[in-house]
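Below is the file work36.csv, which contains CSV, C-alpha atoms and all ligand atoms.
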chain,number,residue,atom,x,y,z
A,17,MET,CA,-19.8,4.7,15.6
A,18,GLU,CA,-16.9,4.8,13.1
A,19,ARG,CA,-16.8,8.0,11.0
A,20,ILE,CA,-13.9,7.4,8.6
A,21,LEU,CA,-11.8,9.6,6.4
A,22,VAL,CA,-9.5,8.0,3.7
A,23,THR,CA,-6.8,10.2,2.2
A,24,GLY,CA,-5.3,9.2,-1.1
A,25,ALA,CA,-8.6,7.5,-1.8
A,26,LEU,CA,-8.1,7.4,-5.6
A,27,GLY,CA,-4.7,5.6,-5.3
A,28,GLN,CA,-4.0,1.9,-5.8
A,29,ILE,CA,-4.9,0.9,-2.2
A,30,GLY,CA,-7.4,3.7,-1.5
A,31,SER,CA,-9.8,2.9,-4.3
A,32,GLU,CA,-10.3,-0.7,-3.0
A,33,LEU,CA,-10.1,0.2,0.7
A,34,VAL,CA,-12.9,2.7,0.4
A,35,ALA,CA,-15.2,0.1,-1.2
A,36,THR,CA,-14.5,-2.4,1.6
A,37,LEU,CA,-14.9,0.2,4.4
A,38,ARG,CA,-18.2,1.3,2.9
A,39,GLU,CA,-19.5,-2.3,2.8
A,40,ARG,CA,-18.4,-2.8,6.4
A,41,TYR,CA,-19.3,0.5,8.1
A,42,GLY,CA,-21.9,2.0,5.7
A,43,ASN,CA,-21.6,4.3,2.8
A,44,GLU,CA,-22.5,7.4,4.7
A,45,ASN,CA,-19.7,6.8,7.3
A,46,VAL,CA,-16.7,6.6,4.9
A,47,ILE,CA,-15.5,9.8,3.3
A,48,ALA,CA,-13.1,9.4,0.4
A,49,SER,CA,-10.6,12.2,-0.2
A,50,ASP,CA,-7.8,12.9,-2.7
A,51,ILE,CA,-5.9,15.8,-4.2
A,52,LYS,CA,-7.3,14.6,-7.6
A,53,MET,CA,-11.0,14.7,-8.4
A,54,PRO,CA,-12.6,11.3,-9.1
A,55,THR,CA,-13.6,10.1,-12.6
A,56,ALA,CA,-16.8,8.1,-13.0
A,57,ASP,CA,-15.3,4.7,-12.2
A,58,ALA,CA,-12.5,5.8,-10.0
A,59,LEU,CA,-13.9,4.4,-6.8
A,60,ALA,CA,-13.8,0.8,-7.9
A,61,GLY,CA,-17.5,0.2,-8.2
A,62,ALA,CA,-18.1,1.4,-4.7
A,63,GLU,CA,-21.6,2.7,-3.8
A,64,PRO,CA,-21.7,6.4,-4.3
A,65,GLY,CA,-20.6,8.2,-1.1
A,66,PHE,CA,-19.0,11.4,0.0
A,67,PHE,CA,-15.9,12.6,-1.7
A,68,GLU,CA,-13.9,15.6,-0.5
A,69,HIS,CA,-11.0,17.3,-2.3
A,70,VAL,CA,-8.2,17.4,0.2
A,71,ASP,CA,-4.5,18.3,-0.2
A,72,CYS,CA,-2.8,16.6,2.7
A,73,THR,CA,-0.1,19.2,2.9
A,74,ASN,CA,-2.8,21.7,3.9
A,75,HIS,CA,-3.7,21.4,7.6
A,76,ASP,CA,-6.9,23.5,7.4
A,77,GLN,CA,-8.4,21.5,4.5
A,78,ILE,CA,-8.0,18.3,6.5
A,79,GLN,CA,-9.4,19.9,9.7
A,80,GLN,CA,-12.4,21.3,7.9
A,81,VAL,CA,-13.3,17.8,6.5
A,82,VAL,CA,-12.8,16.2,9.9
A,83,ASP,CA,-15.1,18.8,11.5
A,84,ARG,CA,-17.7,18.7,8.7
A,85,HIS,CA,-18.1,14.9,8.9
A,86,ARG,CA,-17.3,14.3,12.6
A,87,ILE,CA,-14.4,12.0,11.7
A,88,ASP,CA,-13.0,9.7,14.3
A,89,THR,CA,-10.7,7.5,12.2
A,90,ILE,CA,-8.3,8.4,9.4
A,91,TYR,CA,-6.7,6.0,7.0
A,92,HIS,CA,-3.9,8.2,5.7
A,93,LEU,CA,-2.8,6.7,2.4
A,94,ALA,CA,-1.7,9.9,0.5
A,95,ALA,CA,2.0,9.5,-0.3
A,96,LEU,CA,4.5,9.3,-3.2
A,97,LEU,CA,5.9,5.8,-3.9
A,98,SER,CA,9.5,4.9,-4.1
A,99,ALA,CA,10.6,5.5,-7.7
A,100,VAL,CA,8.8,8.8,-8.1
A,101,ALA,CA,10.0,9.9,-4.6
A,102,GLU,CA,13.6,9.2,-5.8
A,103,GLU,CA,13.0,11.5,-8.8
A,104,ARG,CA,11.5,14.2,-6.6
A,105,PRO,CA,12.9,13.9,-3.1
A,106,GLN,CA,12.0,17.3,-1.9
A,107,MET,CA,8.4,16.9,-2.9
A,108,ALA,CA,8.3,13.4,-1.4
A,109,TRP,CA,9.4,14.8,2.0
A,110,GLU,CA,6.8,17.5,1.8
A,111,ILE,CA,3.9,15.1,0.9
A,112,ASN,CA,4.9,12.0,2.9
A,113,MET,CA,6.1,13.7,6.0
A,114,GLY,CA,4.1,17.0,5.8
A,115,GLY,CA,0.9,15.1,5.2
A,116,LEU,CA,1.5,12.7,8.0
A,117,TYR,CA,2.4,15.4,10.4
A,118,HIS,CA,-0.8,17.3,9.7
A,119,VAL,CA,-2.9,14.2,10.0
A,120,LEU,CA,-1.3,13.3,13.4
A,121,GLU,CA,-1.7,16.8,14.8
A,122,ILE,CA,-5.4,16.8,13.8
A,123,ALA,CA,-5.8,13.3,15.2
A,124,ARG,CA,-4.2,14.5,18.5
A,125,SER,CA,-6.6,17.5,18.8
A,126,ASN,CA,-9.7,15.7,17.6
A,127,GLY,CA,-9.3,12.3,19.2
A,128,CYS,CA,-9.0,10.3,16.0
A,129,ALA,CA,-7.4,6.9,15.4
A,130,VAL,CA,-4.9,6.8,12.5
A,131,PHE,CA,-3.8,4.0,10.1
A,132,THR,CA,-0.6,4.7,8.2
A,133,PRO,CA,1.0,2.3,5.8
A,134,SER,CA,4.8,1.8,6.0
A,135,SER,CA,6.6,-0.4,3.5
A,136,ILE,CA,9.5,-2.8,2.9
A,137,GLY,CA,11.1,0.4,1.7
A,138,ALA,CA,11.7,1.2,5.4
A,139,PHE,CA,14.6,-1.3,5.3
A,140,GLY,CA,18.0,-0.9,3.7
A,141,GLU,CA,21.7,-1.5,4.2
A,142,GLY,CA,22.5,-3.7,7.2
A,143,THR,CA,19.0,-5.2,7.4
A,144,PRO,CA,18.9,-9.0,7.3
A,145,LYS,CA,17.6,-9.8,3.8
A,146,ASP,CA,15.9,-13.1,4.5
A,147,SER,CA,13.1,-13.5,7.1
A,148,THR,CA,13.7,-9.8,7.9
A,149,PRO,CA,12.8,-9.5,11.6
A,150,GLN,CA,10.0,-7.2,12.9
A,151,ASP,CA,12.6,-5.1,14.9
A,152,THR,CA,15.9,-4.7,13.2
A,153,VAL,CA,18.3,-2.3,11.5
A,154,GLN,CA,16.5,0.4,9.4
A,155,ARG,CA,18.9,2.4,7.3
A,156,PRO,CA,17.1,3.0,4.0
A,157,SER,CA,19.1,4.6,1.1
A,158,THR,CA,16.0,6.3,-0.6
A,159,MET,CA,14.0,9.3,0.2
A,160,TYR,CA,10.9,7.1,0.2
A,161,GLY,CA,12.5,4.8,2.8
A,162,VAL,CA,13.6,7.8,4.9
A,163,THR,CA,10.0,9.1,5.0
A,164,LYS,CA,8.7,5.6,5.9
A,165,VAL,CA,11.1,5.2,8.9
A,166,ALA,CA,10.5,8.7,10.1
A,167,GLY,CA,6.8,8.1,9.7
A,168,GLU,CA,6.9,4.9,11.8
A,169,LEU,CA,8.8,6.8,14.5
A,170,LEU,CA,6.5,9.8,14.4
A,171,CYS,CA,3.4,7.6,14.7
A,172,ASP,CA,5.0,5.8,17.7
A,173,TYR,CA,5.8,9.2,19.2
A,174,TYR,CA,2.2,10.4,18.9
A,175,HIS,CA,1.0,7.2,20.5
A,176,ARG,CA,3.4,7.3,23.5
A,177,ARG,CA,3.4,11.0,24.0
A,178,PHE,CA,-0.2,12.0,23.3
A,179,GLY,CA,-2.1,8.7,23.4
A,180,VAL,CA,-3.2,8.8,19.8
A,181,ASP,CA,-4.4,5.4,18.6
A,182,THR,CA,-1.9,5.0,15.7
A,183,ARG,CA,-1.6,1.7,13.9
A,184,GLY,CA,0.0,0.5,10.6
A,185,VAL,CA,1.7,-2.2,8.6
A,186,ARG,CA,4.8,-2.5,6.4
A,187,TYR,CA,3.4,-3.4,3.1
A,188,PRO,CA,5.3,-5.3,0.5
A,189,GLY,CA,4.6,-4.8,-3.2
A,190,ILE,CA,0.9,-4.9,-3.8
A,191,ILE,CA,-0.7,-6.5,-6.8
A,192,SER,CA,-4.2,-5.6,-8.0
A,193,HIS,CA,-6.4,-5.6,-11.1
A,194,VAL,CA,-8.5,-2.7,-10.1
A,195,ALA,CA,-6.5,0.5,-9.9
A,196,PRO,CA,-2.9,0.8,-11.3
A,197,PRO,CA,-0.1,1.6,-9.0
A,198,GLY,CA,1.9,4.8,-9.7
A,199,GLY,CA,5.6,5.3,-9.4
A,200,GLY,CA,6.6,2.2,-7.3
A,201,THR,CA,9.5,-0.2,-7.7
A,202,THR,CA,7.3,-3.3,-7.4
A,203,ASP,CA,4.9,-2.1,-10.2
A,204,TYR,CA,6.4,-4.6,-12.7
A,205,ALA,CA,4.4,-7.3,-10.8
A,206,VAL,CA,1.2,-5.6,-11.9
A,207,ASP,CA,2.1,-4.5,-15.4
A,208,ILE,CA,3.3,-8.0,-16.3
A,209,PHE,CA,-0.3,-9.3,-16.1
A,210,TYR,CA,-1.7,-6.7,-18.6
A,211,HIS,CA,1.1,-7.4,-21.0
A,212,ALA,CA,0.7,-11.2,-20.6
A,213,VAL,CA,-3.0,-10.9,-21.5
A,214,ARG,CA,-2.8,-8.3,-24.2
A,215,HIS,CA,0.5,-9.2,-25.9
A,216,GLY,CA,1.8,-12.5,-24.6
A,217,ASN,CA,5.1,-11.0,-23.5
A,218,PHE,CA,6.7,-8.5,-21.1
A,219,THR,CA,9.9,-6.6,-20.7
A,220,SER,CA,10.8,-6.3,-17.0
A,221,PHE,CA,12.6,-3.3,-15.5
A,222,LEU,CA,13.9,-5.4,-12.7
A,223,GLY,CA,16.4,-8.2,-13.3
A,224,PRO,CA,15.3,-11.9,-13.4
A,225,ASP,CA,16.6,-12.8,-9.9
A,226,THR,CA,15.3,-9.8,-8.0
A,227,ARG,CA,13.4,-11.4,-5.1
A,228,LEU,CA,10.8,-9.2,-3.3
A,229,ASP,CA,7.9,-9.7,-0.9
A,230,MET,CA,4.5,-9.2,-2.5
A,231,MET,CA,0.8,-9.4,-1.5
A,232,TYR,CA,-2.5,-9.6,-3.4
A,233,MET,CA,-4.8,-6.6,-2.8
A,234,PRO,CA,-7.6,-8.4,-0.9
A,235,ASP,CA,-5.0,-9.4,1.7
A,236,ALA,CA,-3.6,-5.8,1.8
A,237,ILE,CA,-7.1,-4.5,2.5
A,238,LYS,CA,-7.7,-7.2,5.1
A,239,ALA,CA,-4.4,-6.2,6.8
A,240,ALA,CA,-5.5,-2.6,7.1
A,241,VAL,CA,-8.9,-3.4,8.5
A,242,ASP,CA,-7.8,-6.2,10.8
A,243,VAL,CA,-5.0,-4.1,12.4
A,244,MET,CA,-7.4,-1.2,13.0
A,245,GLU,CA,-10.0,-3.6,14.6
A,246,ALA,CA,-7.4,-5.5,16.7
A,247,GLU,CA,-7.8,-5.5,20.5
A,248,ALA,CA,-5.5,-2.8,21.7
A,249,ALA,CA,-4.4,-4.8,24.8
A,250,ARG,CA,-2.8,-7.4,22.6
A,251,LEU,CA,-0.7,-5.0,20.6
A,252,LYS,CA,3.0,-4.9,21.6
A,253,HIS,CA,3.8,-3.2,18.3
A,254,ARG,CA,1.6,-0.6,16.7
A,255,ASN,CA,2.8,1.3,13.7
A,256,ALA,CA,4.8,-0.9,11.5
A,257,PHE,CA,3.9,-4.6,11.5
A,258,ASN,CA,5.7,-6.7,9.0
A,259,VAL,CA,3.1,-8.3,6.8
A,260,THR,CA,3.7,-10.5,3.7
A,261,ALA,CA,1.9,-13.2,1.7
A,262,MET,CA,4.5,-14.4,-0.8
A,263,ASN,CA,7.9,-13.6,-2.3
A,264,PHE,CA,9.1,-14.2,-5.9
A,265,THR,CA,11.5,-13.1,-8.6
A,266,PRO,CA,10.4,-11.9,-12.1
A,267,GLU,CA,11.5,-15.3,-13.4
A,268,GLU,CA,9.3,-17.1,-10.9
A,269,LEU,CA,6.3,-14.9,-11.6
A,270,ALA,CA,6.7,-15.5,-15.3
A,271,ALA,CA,6.8,-19.3,-14.6
A,272,ALA,CA,3.6,-19.0,-12.6
A,273,ILE,CA,1.9,-17.1,-15.4
A,274,ARG,CA,3.1,-19.7,-17.9
A,275,LYS,CA,1.1,-22.4,-16.0
A,276,VAL,CA,-2.0,-20.5,-17.2
A,277,LEU,CA,-0.6,-18.9,-20.5
A,278,PRO,CA,2.0,-21.4,-21.7
A,279,ARG,CA,3.3,-19.2,-24.5
A,280,PHE,CA,4.0,-16.2,-22.3
A,281,GLU,CA,7.5,-14.8,-22.6
A,282,ILE,CA,9.6,-12.4,-20.5
A,283,ASP,CA,12.7,-10.5,-21.3
A,284,TYR,CA,14.7,-7.8,-19.4
A,285,ASP,CA,15.7,-4.2,-19.8
A,286,VAL,CA,16.9,-3.2,-16.4
A,287,ASP,CA,16.2,0.3,-15.0
A,288,PRO,CA,19.3,1.1,-12.9
A,289,ILE,CA,17.4,3.4,-10.5
A,290,ARG,CA,14.6,1.0,-9.7
A,291,GLN,CA,17.0,-2.0,-9.6
A,292,ARG,CA,19.2,-0.2,-7.0
A,293,ILE,CA,16.0,0.5,-4.9
A,294,ALA,CA,14.9,-3.1,-5.2
A,295,ASP,CA,18.4,-4.4,-4.3
A,296,SER,CA,18.3,-2.4,-1.1
A,297,TRP,CA,15.0,-4.1,0.1
A,298,PRO,CA,14.5,-7.4,1.9
A,299,ASN,CA,13.9,-10.7,0.0
A,300,SER,CA,11.3,-11.9,2.5
A,301,LEU,CA,9.8,-10.5,5.8
A,302,ASP,CA,9.1,-12.3,9.0
A,303,ASP,CA,5.5,-11.4,9.9
A,304,SER,CA,5.2,-13.5,13.1
A,305,ALA,CA,4.5,-10.4,15.3
A,306,ALA,CA,1.4,-9.6,13.1
A,307,ARG,CA,0.4,-13.2,13.3
A,308,GLU,CA,0.7,-13.3,17.1
A,309,GLU,CA,-0.7,-9.9,18.0
A,310,TRP,CA,-3.7,-9.7,15.7
A,311,ASN,CA,-4.0,-13.1,13.9
A,312,TRP,CA,-2.7,-11.9,10.6
A,313,GLN,CA,-3.1,-14.5,7.9
A,314,PRO,CA,-3.1,-13.9,4.1
A,315,ALA,CA,-5.5,-15.9,1.9
A,316,PHE,CA,-3.6,-15.7,-1.5
A,317,ASP,CA,-0.3,-17.4,-2.5
A,318,LEU,CA,1.5,-17.0,-5.8
A,319,ASP,CA,-0.5,-19.5,-7.8
A,320,SER,CA,-3.9,-18.4,-6.5
A,321,MET,CA,-3.1,-14.7,-7.0
A,322,VAL,CA,-1.9,-15.3,-10.6
A,323,GLU,CA,-5.0,-17.3,-11.5
A,324,ASP,CA,-7.3,-14.6,-10.1
A,325,MET,CA,-5.3,-11.7,-11.7
A,326,LEU,CA,-5.4,-13.4,-15.1
A,327,GLU,CA,-9.1,-14.1,-14.9
A,328,ASN,CA,-10.0,-10.6,-14.0
A,329,ILE,CA,-7.6,-8.9,-16.4
A,330,SER,CA,-8.8,-11.1,-19.3
A,331,ARG,CA,-12.4,-10.2,-18.5
A,332,LYS,CA,-11.4,-6.5,-18.5
A,333,ALA,CA,-9.5,-6.9,-21.8
A,334,SER,CA,-12.5,-8.6,-23.5
A,335,ARG,CA,-14.5,-5.4,-22.8
A,336,GLU,CA,-11.8,-3.0,-24.1
A,337,PRO,CA,-12.0,-1.3,-27.5
A,338,ALA,CA,-9.7,-3.0,-30.1
A,339,ASP,CA,-7.3,-0.1,-30.2
A,340,LYS,CA,-6.4,-0.5,-26.5
A,341,ALA,CA,-5.9,-4.2,-26.7
B,1,LIG,C1,6.9,0.8,-4.1
B,1,LIG,O1,7.3,0.0,-4.9
B,1,LIG,O2,7.3,1.9,-3.9
B,1,LIG,C2,5.8,0.3,-3.1
B,1,LIG,C3,6.3,-0.2,-1.9
B,1,LIG,C4,6.9,-1.6,-1.8
B,1,LIG,O3,6.3,0.5,-0.9
B,1,LIG,N1,5.0,-0.7,-3.8
Show me this structure written as structure tokens.
Ligand code: AKB
Amino acid sequence: MERILVTGALGQIGSELVATLRERYGNENVIASDIKMPTADALAGAEPGFFEHVDCTNHDQIQQVVDRHRIDTIYHLAALLSAVAEERPQMAWEINMGGLYHVLEIARSNGCAVFTPSSIGAFGEGTPKDSTPQDTVQRPSTMYGVTKVAGELLCDYYHRRFGVDTRGVRYPGIISHVAPPGGGTTDYAVDIFYHAVRHGNFTSFLGPDTRLDMMYMPDAIKAAVDVMEAEAARLKHRNAFNVTAMNFTPEELAAAIRKVLPRFEIDYDVDPIRQRIADSWPNSLDDSAAREEWNWQPAFDLDSMVEDMLENISRKASREPADKA
């Protein structure tokens, strides 16, 4: 029987992951937790279920929730994203590394399995930019990247040294119409859809030719669930599988939006900090290890993602009060 705790459950991935896990394993078996308290619609239409207030930098708070709900699996999503981590590097270390360390220690002493997301942010200077291999140079130049590489290594260590069932994927930028991202470098690829629907134009903070890997949220959720359900004997890697679904530049994304909204316009006001971060990341990942070891296969490409995003955001916008539109 799976008894699951999701940390960072009110974030971009967490709010949709909780809904999927509840459908799959039963409402009563999935405990959502976050440092924020949920608003009425924060859990993405999920059936009501348990919510616990948990600060991941507090070992005892996590332990109490694990004891109270007899948790055996933790999806540990609480972390600061790249742009905000670059603004507050000390806090990023404390949350991203401190939180992961407590979760791994609790997993070790309570026999829990752990899913931890890594990111394309774990790559940097010296990494091949195109078809970035699964195992390659990892010298990130951001605090976010440093915590992601250290996190990958720490999860590997807890698996080898203590036998903890740690697993994870390296996510690219994630696009969703449900919960907004917060403080990421790839966030332009979400904001663009709201501006396209509401105003017909968008000013991008990344330059026109900045190519990055991306994924639509249903595929991101599927990756997390599939890697956790994969047969252990088939896994040669564990904690940082490259996964991707598409890659594009802001110009190419705008062109795909124009196929549905022909009058859409894009212009550019480049943010030097986020541009520097994006320039240090790969253009496209090689995800063949995930395909071979647990049959990873995304369902959405650029055009099908754009169509679905525009449909959902237009529906949302038609329900909004006029002053928000
Ligand atoms: C970010 O932009 O920080 C994240 C990521 C790619 O890890 N979306």
Query - Interatomic distance, CA of Val322 (chain A) to CA of Arg274 (chain A) (Å, one decimal) - result: 9.9 Å
Query raised in the report: Looking at A:Thr89, A:Ser147, A:Asn43, A:Gln291, which one is nearest to ligand LIG 1 (chain B), with distances taken over all atoms listed in the file?
Result: A:Gln291
Query raised in the report: ligand LIG 1 (chain B): which residues are within 6 Å, counting all atoms listed in the file, as a ChimeraX atom specification?
Result: /A:97-98,135-137,188-190,200-202
Requested in this report: Could you give me, as JSON, numbers by chain, the residues within 9 Å of Glu281 (chain A), counting only C-alpha atoms and dropping anything in the same chain fewer than 2 positions from it?
Outcome: {"A": [212, 216, 217, 218, 219, 270, 274, 278, 279, 283]}
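Taking CA of Ile329 (chain A) and CA of Tyr210 (chain A) as endpoints, the distance between them is 6.7 Å.
For the atom pair formed by CA of Ser220 (chain A) and CA of Asp203 (chain A), the distance is 9.9 Å, given to one decimal.
Shortest separation to Ala99 (chain A) among A:Lys238, A:Asn299, A:Gly161, A:Pro314 occurs at residue A:Gly161, atoms counted being all atoms listed in the file.
The residue that comes closest to Thr182 (chain A), out of A:Met53, A:Leu228, A:Val130, A:Leu251 and on the basis of all atoms listed in the file, is A:Val130.
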Report task. Pick out the residues sitting within 8 Å of Arg227 (chain A), and hand them over as a count of residues only; count only C-alpha atoms, and ignore anything fewer than 5 positions along from it in its own chain. Result -> 6
Report task. Pick out the closest residue to Asn328 (chain A) from this set: A:Gln106, A:Asn258, A:Ser296, A:Ser192. Count all atoms listed in the file. Result -> A:Ser192
Requested in this report: Extract, using all atoms listed in the file, all DNA, RNA and protein residues at most 10 Å from Tyr41 (chain A), discarding same-chain residues fewer than 2 positions from it, and format them as a count of residues only.
Outcome: 12
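With all atoms listed in the file as the atoms that count, the residue of A:Asp151, A:Pro54, A:Ile111, A:Arg40 with the shortest distance to Asn74 (chain A) is A:Ile111.
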If I wrap all listed atoms of region 193-209 of chain A in a box with edges along x, y and z and add 6 Å on each side, what are its centre and edge lengths in Å to one decimal, as AutoDock Vina command-line options?
--center_x 0.5 --center_y -2.0 --center_z -11.8 --size_x 30.0 --size_y 26.6 --size_z 21.0
